[in-house]
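*Asks:* Okay, handing you the structure first.
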Amino acid sequence: MPAIEANGLERTFEGGVQAVAGVDLEVADGQIYAFLGPNGAGKTTTVRMLTTLLRPTGGSARVAGFDVAAEAAGVRRAIGVALQEAALDPLMTGRELIRLQATLHGLGRQTGRERAEALLARVDLLDAADRQVGTYSGGMRRRLDLASALVHEPKVLFLDEPTTGLDPVSRRTIWEEVEQLNGEGTTVFLTTQYLEEADQLAGRVGIIDVGRIVAEDTPARLKAGIGHPHLEIRLGEDGTERAQGIVARFGMPLPSKDGAVLVEVERGAAAIAPVVRALDDAGLSVEALDLVEPTLDDVFLEKTGHHLEPDEPDSTEGE
Amino acid sequence: MTATDLRVIAALGARSVKQTFRRPQLMAPIIIFPSILLAIQTAGAGRAVDLPGFPPVDNFLSFMLAGAMIQSTMLAGNSGGIALAVDIEMGFTDRLLAAPISRFAIVLGRLAGTAALAGLAAVWFIVVGLIFGASIQEGVPGALLMIFFVVLSGVAFGGIGASVALRTGRASVVQGLFPLVFVILFLSSAFFPDNLMLEPAATVAEYNPLSFIVEGIRDPVISSVTWSVFGKAMASLALVGAIGIGLSALALRRRLRMGG
């Protein structure tokens with residue numbers, strides 16, 4: 001049985017705005033699934049439906065074996081949710097928040113306290129546990145949010161843009177925690193607008209744009225599906241036109257970018273030496289050369305016709 | 001309502017009380033503003049007790065205690081509504097809705113907190129009143145009855161604040177109710193006996209449910225408990241409570257349908 005299954009999931013808001021327009025997806029038990037897309041693509045609306053916060057207006061979905069509409073209570077017992085922007089009460093302390101979360105999930109007082117301490121230690125917040133959340137940095141808030149979502153040991157964890165706005169160090173800390181959780185058997189469904197995040201973490205990626213999934217597979221297969229790597233060559237002097245003619249012997253030339261000569265090479269790294277030799281023989285000196293593998297952004301571009309442009313992280317966030 | 005729901009309501013109520021103590025702008029309307037108004041009115045209009053037809057109280061402070069308590073309670077209800085709206089605005093309510101609890105426990109938790117704050121405010125005004133010369137004819141049982149009415153008022157008026165918060169999801173809208181609270185208060189017998197008011201205020205105050213509630217709180221201060229006054233106060237509380245809680249339930253249902 002898949003951990004998450006959606007068939008033709010739709011949500012149309014009042015006024016006729018269709019935020020999600022028939023999403024089909026299947027997330028295997030124990031997998032990390034990344035839902036990749038820009039702001040407004042329908043990621044959060046999909047997560048809100050899967051976590052029972054929003055009723056679908058069409059289609060169906062099951063999470064941990066429960067129907068999100070008909071068996072919402074069952075879904076809520078089985079899932080942990082850390083929503084976008086870490087919806088934490090700034091006046092509560094970290095310890096109070098996790099204990100409250102334990103109560104919300106029906107844990108006994110003693111069990112709740114023990115879990116709270118263990119989770120605070122796990123996310124390295126024991127020292128800050130009695131401080132009000134309003135004094136926490138962005139990274140600390142996300143870690144607390146993650147810890148509170150784990151208090152009842154959920155089978156499926158939903159993370160809605162868990163690292164948006166975080167600095168690289170805080171982002172990496174969250175990634176490590178997510179990987180560890182997944183290693184312990186938790187299925188993770190995360191939304192992200194960061195290509196690197198989806199690439200690093202996910203076993204499977206769904207690319208969503210304008211409310212529809214436009215591509216879905218493992219990151220490697222998605223990238224392999226759109227073509228071969230290309231060489232990006234910068235010359236020491238002007239000779240771009242001659243260089244383009246030369247590199248065309250080794251693969252398909254691509255439109256030049258910022259003065260660099262681009263050529264798609266089937267053989268990948270093995271093509272580097274012959275290309276450099278050919279350019280050298282023609283008297284063209286190579287100043288810099290990169291072998292660029294296809295990225296998920298290339299996949300996104302091919303499937304949607306535009307680049308994925310995530311919000312810039314706030315450099316003041318983090319610790 | 002399961003035992004878990006009751007624990008959740010208690011936990012959310014405790015959070016609500018702590019939140020109020022930690023945010024001065026929520027605490028001020030409950031204790032500080034009514035205390036200041038009580039001091040000013042008592043000092044400035046103390047001789048009103050000499051007016052013919054004024055209820056037989058020992059002093060104006062004794063008369064004013066019920067008014068200060070109900071003012072505090074109504075503002076506590078409003079502050080509770082503001083806090084709930086802030087929860088909605090910042091997404092904290094989603095955290096609660098994603099948990100396997102009764103949906104209405106979220107509202108009841110907030111109302112439990114408002115009721116507890118109202119009870120604390122009632123104790124504050126009784127203590128302050130006694131220190132500054134007020135007297136309660138019915139003694140300790142009378143004081144307990146006053147607290148009982150104030151706590152129930154907290155639930156009733158908290159329901160009104162919660163319903164506006166759930167309907168609009170905006171703290172600024174709930175905050176906009178503050179002036180309305182004072183209009184309703186001044187058009188009741190909270191601060192002045194309705195039989196001494198001018199028309200049309202006198203008639204409005206005579207039939208204002210708030211007047212019946214205030215009289216219920218004030219009754220033990222003036223004399224032994226009158227059952228007709230007690231009954232009218234309870235009926236008024238039931239009416240306001242039914243409206244507040246009913247509207248909250250409808251607003252919550254609508255919000256859940258719309259998606260939080």
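So you can find residues: chains in the structure tokens are A, B, ... in the order shown, residues in each start at 1, and ligands are numbered from 1 in order.
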Tell me the residues of chain A close to chain B, meaning within 7 Å using only C-alpha atoms, as JSON, numbers by chain.
*Replies:* {"A": [51, 52, 53, 54, 55, 73, 76, 77, 87, 88, 89, 91, 100, 103, 104, 105, 106]}
*Asks:* Counting only C-alpha atoms, what is within 12 Å of segment 14-16 of chain A, bar same-chain residues fewer than 2 positions away, as a VMD selection string?
*Replies:* (chain A and resid 11 to 12 18 to 21 57) or (chain B and resid 257 to 259)
*Asks:* Kindly assemble as JSON lines a list of the segment 69-149 of chain B residues that lie within 9 Å of segment 185-208 of chain B, each paired with its nearest atom pair and their distance in Å to one decimal, using only C-alpha atoms, sorted first by chain and then by ascending residue number.
*Replies:*
{"residue": "B:Ile70", "atom": "CA", "partner": "B:Ala190", "partner_atom": "CA", "distance": 7.4}
{"residue": "B:Gln71", "atom": "CA", "partner": "B:Leu185", "partner_atom": "CA", "distance": 7.1}
{"residue": "B:Met74", "atom": "CA", "partner": "B:Leu185", "partner_atom": "CA", "distance": 9.0}
*Asks:* With N, CA and C atoms kept, could you save the residues just selected as a PDB file, in the first residue's frame?
*Replies:*
ATOM      1  N   ILE B  70     -17.793  43.467  34.608  1.00  0.00           N
ATOM      2  CA  ILE B  70     -18.374  43.108  33.306  1.00  0.00           C
ATOM      3  C   ILE B  70     -17.600  43.794  32.178  1.00  0.00           C
ATOM      4  N   GLN B  71     -17.101  44.998  32.443  1.00  0.00           N
ATOM      5  CA  GLN B  71     -16.264  45.665  31.433  1.00  0.00           C
ATOM      6  C   GLN B  71     -15.017  44.824  31.164  1.00  0.00           C
ATOM      7  N   MET B  74     -16.012  41.664  29.204  1.00  0.00           N
ATOM      8  CA  MET B  74     -16.289  41.896  27.779  1.00  0.00           C
ATOM      9  C   MET B  74     -14.990  42.162  27.012  1.00  0.00           C
TER      10      MET B  74
END
*Asks:* What are the DSSP alpha helix (DSSP H) residues of segment 30-237 of chain A, as a ChimeraX atom specification?
*Replies:* /A:43-50,72-78,94-104,109-122,138-149,168-183,195-201,219-224
*Asks:* Fewer than 4 positions away in the same chain doesn't count, so skip those; otherwise give me all residues within 6 Å of segment 157-171 of chain B, counting only C-alpha atoms, as a list of chain:residue names.
*Replies:* B:Met74, B:Gly77, B:Asn78, B:Gly81, B:Ile82, B:Ala85, B:Val86, B:Ile88, B:Leu111, B:Ser153, B:Gly244, B:Ile245, B:Leu247, B:Ser248, B:Ala251, B:Leu252
*Asks:* Could you give me, as number ranges by chain, the residues within 7 Å of segment 112-121 of chain B, counting only C-alpha atoms and dropping anything in the same chain fewer than 3 positions from it?
*Replies:* B: 13-14, 16-17, 30-31, 69, 72-73, 76-77, 80, 108-109, 124-125, 147, 150-152, 154-155, 158
*Asks:* Would you work out the distance separating atom CA of Ile184 of chain B from atom CA of Phe149 of chain B, expressed in Å to one decimal?
*Replies:*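 Going from atom CA of Ile184 of chain B over to atom CA of Phe149 of chain B, I get 18.1 Å.
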*Asks:* Step one, run DSSP on the backbone; step two, keep only residues of segment 19-264 of chain A assigned to strand (DSSP E); then write them as a PyMOL selection string.
*Replies:* chain A and resi 19-27+32-36+58-63+66-67+79-82+156-160+187-192+204-209+212-217+230-235+252-257+260-264
*Asks:* Restricting the calculation to only C-alpha atoms: of B:Gly216, B:Ala143, B:Glu138, B:Val221, which residue gets closest to Ala235 of chain B?
*Replies:*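 The closest residue to Ala235 of chain B is B:Gly216.
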*Asks:* Do a neighbour search on Arg249 of chain A at 10 Å with only C-alpha atoms, toss out local chain neighbours closer than 6 positions, and write the hits as an MDAnalysis selection string.
*Replies:* chainID A and resid 263 275 278
*Asks:* Keeping only N, CA and C atoms, write the selected residues as a PDB file, in the first residue's frame.
*Replies:*
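Full text of selection-v5.pdb as output:
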ATOM      1  N   VAL A 263      28.309  23.087 -26.295  1.00  0.00           N
ATOM      2  CA  VAL A 263      28.068  21.944 -27.170  1.00  0.00           C
ATOM      3  C   VAL A 263      27.626  20.739 -26.326  1.00  0.00           C
ATOM      4  N   VAL A 275      38.024  17.650 -27.545  1.00  0.00           N
ATOM      5  CA  VAL A 275      37.553  18.990 -27.875  1.00  0.00           C
ATOM      6  C   VAL A 275      38.657  20.013 -27.620  1.00  0.00           C
ATOM      7  N   ALA A 278      41.357  19.735 -30.279  1.00  0.00           N
ATOM      8  CA  ALA A 278      40.925  20.285 -31.568  1.00  0.00           C
ATOM      9  C   ALA A 278      40.989  21.807 -31.565  1.00  0.00           C
TER      10      ALA A 278
END
*Asks:* Give me, as a ChimeraX atom specification, all polymer residues having an atom no more than 9 Å from segment 25-40 of chain A, counting only C-alpha atoms and skipping those fewer than 6 positions away in the same chain.
*Replies:* /A:1-8,19,64,155-156,178-179,182-195,197-199,201-211,213,216,300,308-311
*Asks:* Write the residues you've just listed into a file as a PDB file, in the first residue's frame, and include C-alpha atoms for each of them.
*Replies:*
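Result went into out_11.pdb, see below:
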ATOM      1  CA  MET A   1       0.000   0.000   0.000  1.00  0.00           C
ATOM      2  CA  PRO A   2       1.443   3.410  -0.949  1.00  0.00           C
ATOM      3  CA  ALA A   3       1.907   5.902   1.877  1.00  0.00           C
ATOM      4  CA  ILE A   4       0.268   8.626  -0.217  1.00  0.00           C
ATOM      5  CA  GLU A   5      -1.939   8.225  -3.234  1.00  0.00           C
ATOM      6  CA  ALA A   6      -3.826  10.928  -5.135  1.00  0.00           C
ATOM      7  CA  ASN A   7      -6.061  10.514  -8.141  1.00  0.00           C
ATOM      8  CA  GLY A   8      -7.251  13.513 -10.087  1.00  0.00           C
ATOM      9  CA  ALA A  19      -5.228  26.030  -7.695  1.00  0.00           C
ATOM     10  CA  ALA A  64      -1.474   6.106   5.290  1.00  0.00           C
ATOM     11  CA  LYS A 155       4.239   7.351   9.686  1.00  0.00           C
ATOM     12  CA  VAL A 156       4.117  10.113   7.106  1.00  0.00           C
ATOM     13  CA  VAL A 178      15.095  14.724   7.107  1.00  0.00           C
ATOM     14  CA  GLU A 179      17.504  12.109   5.766  1.00  0.00           C
ATOM     15  CA  ASN A 182      13.733   8.774   6.422  1.00  0.00           C
ATOM     16  CA  GLY A 183      16.462   6.334   7.388  1.00  0.00           C
ATOM     17  CA  GLU A 184      14.368   5.472  10.419  1.00  0.00           C
ATOM     18  CA  GLY A 185      11.457   4.568   8.146  1.00  0.00           C
ATOM     19  CA  THR A 186       9.383   7.741   7.989  1.00  0.00           C
ATOM     20  CA  THR A 187       7.846   8.579   4.639  1.00  0.00           C
ATOM     21  CA  VAL A 188       8.531  12.227   3.836  1.00  0.00           C
ATOM     22  CA  PHE A 189       6.537  14.404   1.472  1.00  0.00           C
ATOM     23  CA  LEU A 190       8.164  17.775   1.071  1.00  0.00           C
ATOM     24  CA  THR A 191       7.411  20.729  -1.102  1.00  0.00           C
ATOM     25  CA  THR A 192      10.239  22.901  -2.246  1.00  0.00           C
ATOM     26  CA  GLN A 193      11.154  25.563  -4.726  1.00  0.00           C
ATOM     27  CA  TYR A 194      14.834  24.677  -4.444  1.00  0.00           C
ATOM     28  CA  LEU A 195      16.191  22.391  -7.143  1.00  0.00           C
ATOM     29  CA  GLU A 197      16.894  20.310  -2.210  1.00  0.00           C
ATOM     30  CA  ALA A 198      14.803  18.065  -4.412  1.00  0.00           C
ATOM     31  CA  ASP A 199      17.919  16.673  -6.076  1.00  0.00           C
ATOM     32  CA  LEU A 201      16.935  14.581  -0.721  1.00  0.00           C
ATOM     33  CA  ALA A 202      14.280  13.011  -2.846  1.00  0.00           C
ATOM     34  CA  GLY A 203      14.004   9.500  -4.149  1.00  0.00           C
ATOM     35  CA  ARG A 204      11.262  10.746  -6.405  1.00  0.00           C
ATOM     36  CA  VAL A 205      10.379  14.208  -7.648  1.00  0.00           C
ATOM     37  CA  GLY A 206       7.091  15.561  -8.897  1.00  0.00           C
ATOM     38  CA  ILE A 207       7.326  18.816 -10.820  1.00  0.00           C
ATOM     39  CA  ILE A 208       4.184  20.911 -10.529  1.00  0.00           C
ATOM     40  CA  ASP A 209       3.316  23.975 -12.508  1.00  0.00           C
ATOM     41  CA  VAL A 210       0.004  25.817 -12.712  1.00  0.00           C
ATOM     42  CA  GLY A 211      -1.749  23.155 -10.634  1.00  0.00           C
ATOM     43  CA  ILE A 213       2.181  17.639 -12.388  1.00  0.00           C
ATOM     44  CA  GLU A 216       7.484  12.804 -12.185  1.00  0.00           C
ATOM     45  CA  PHE A 300      11.648  22.237 -15.426  1.00  0.00           C
ATOM     46  CA  LEU A 308      12.230  27.813 -11.758  1.00  0.00           C
ATOM     47  CA  GLU A 309      13.009  30.983  -9.862  1.00  0.00           C
ATOM     48  CA  PRO A 310      12.912  30.392  -6.122  1.00  0.00           C
ATOM     49  CA  ASP A 311      12.616  33.194  -3.589  1.00  0.00           C
TER      50      ASP A 311
END
*Asks:* What is the distance, in Å and to one decimal place, between atom CA of His228 of chain A and atom CA of Glu266 of chain A?
*Replies:* 5.5 Å
*Asks:* Contacts of Ala156 of chain B at 7 Å or less, counting only C-alpha atoms, minus same-chain residues fewer than 6 places along, as number ranges by chain?
*Replies:* B: 237, 240-241, 244
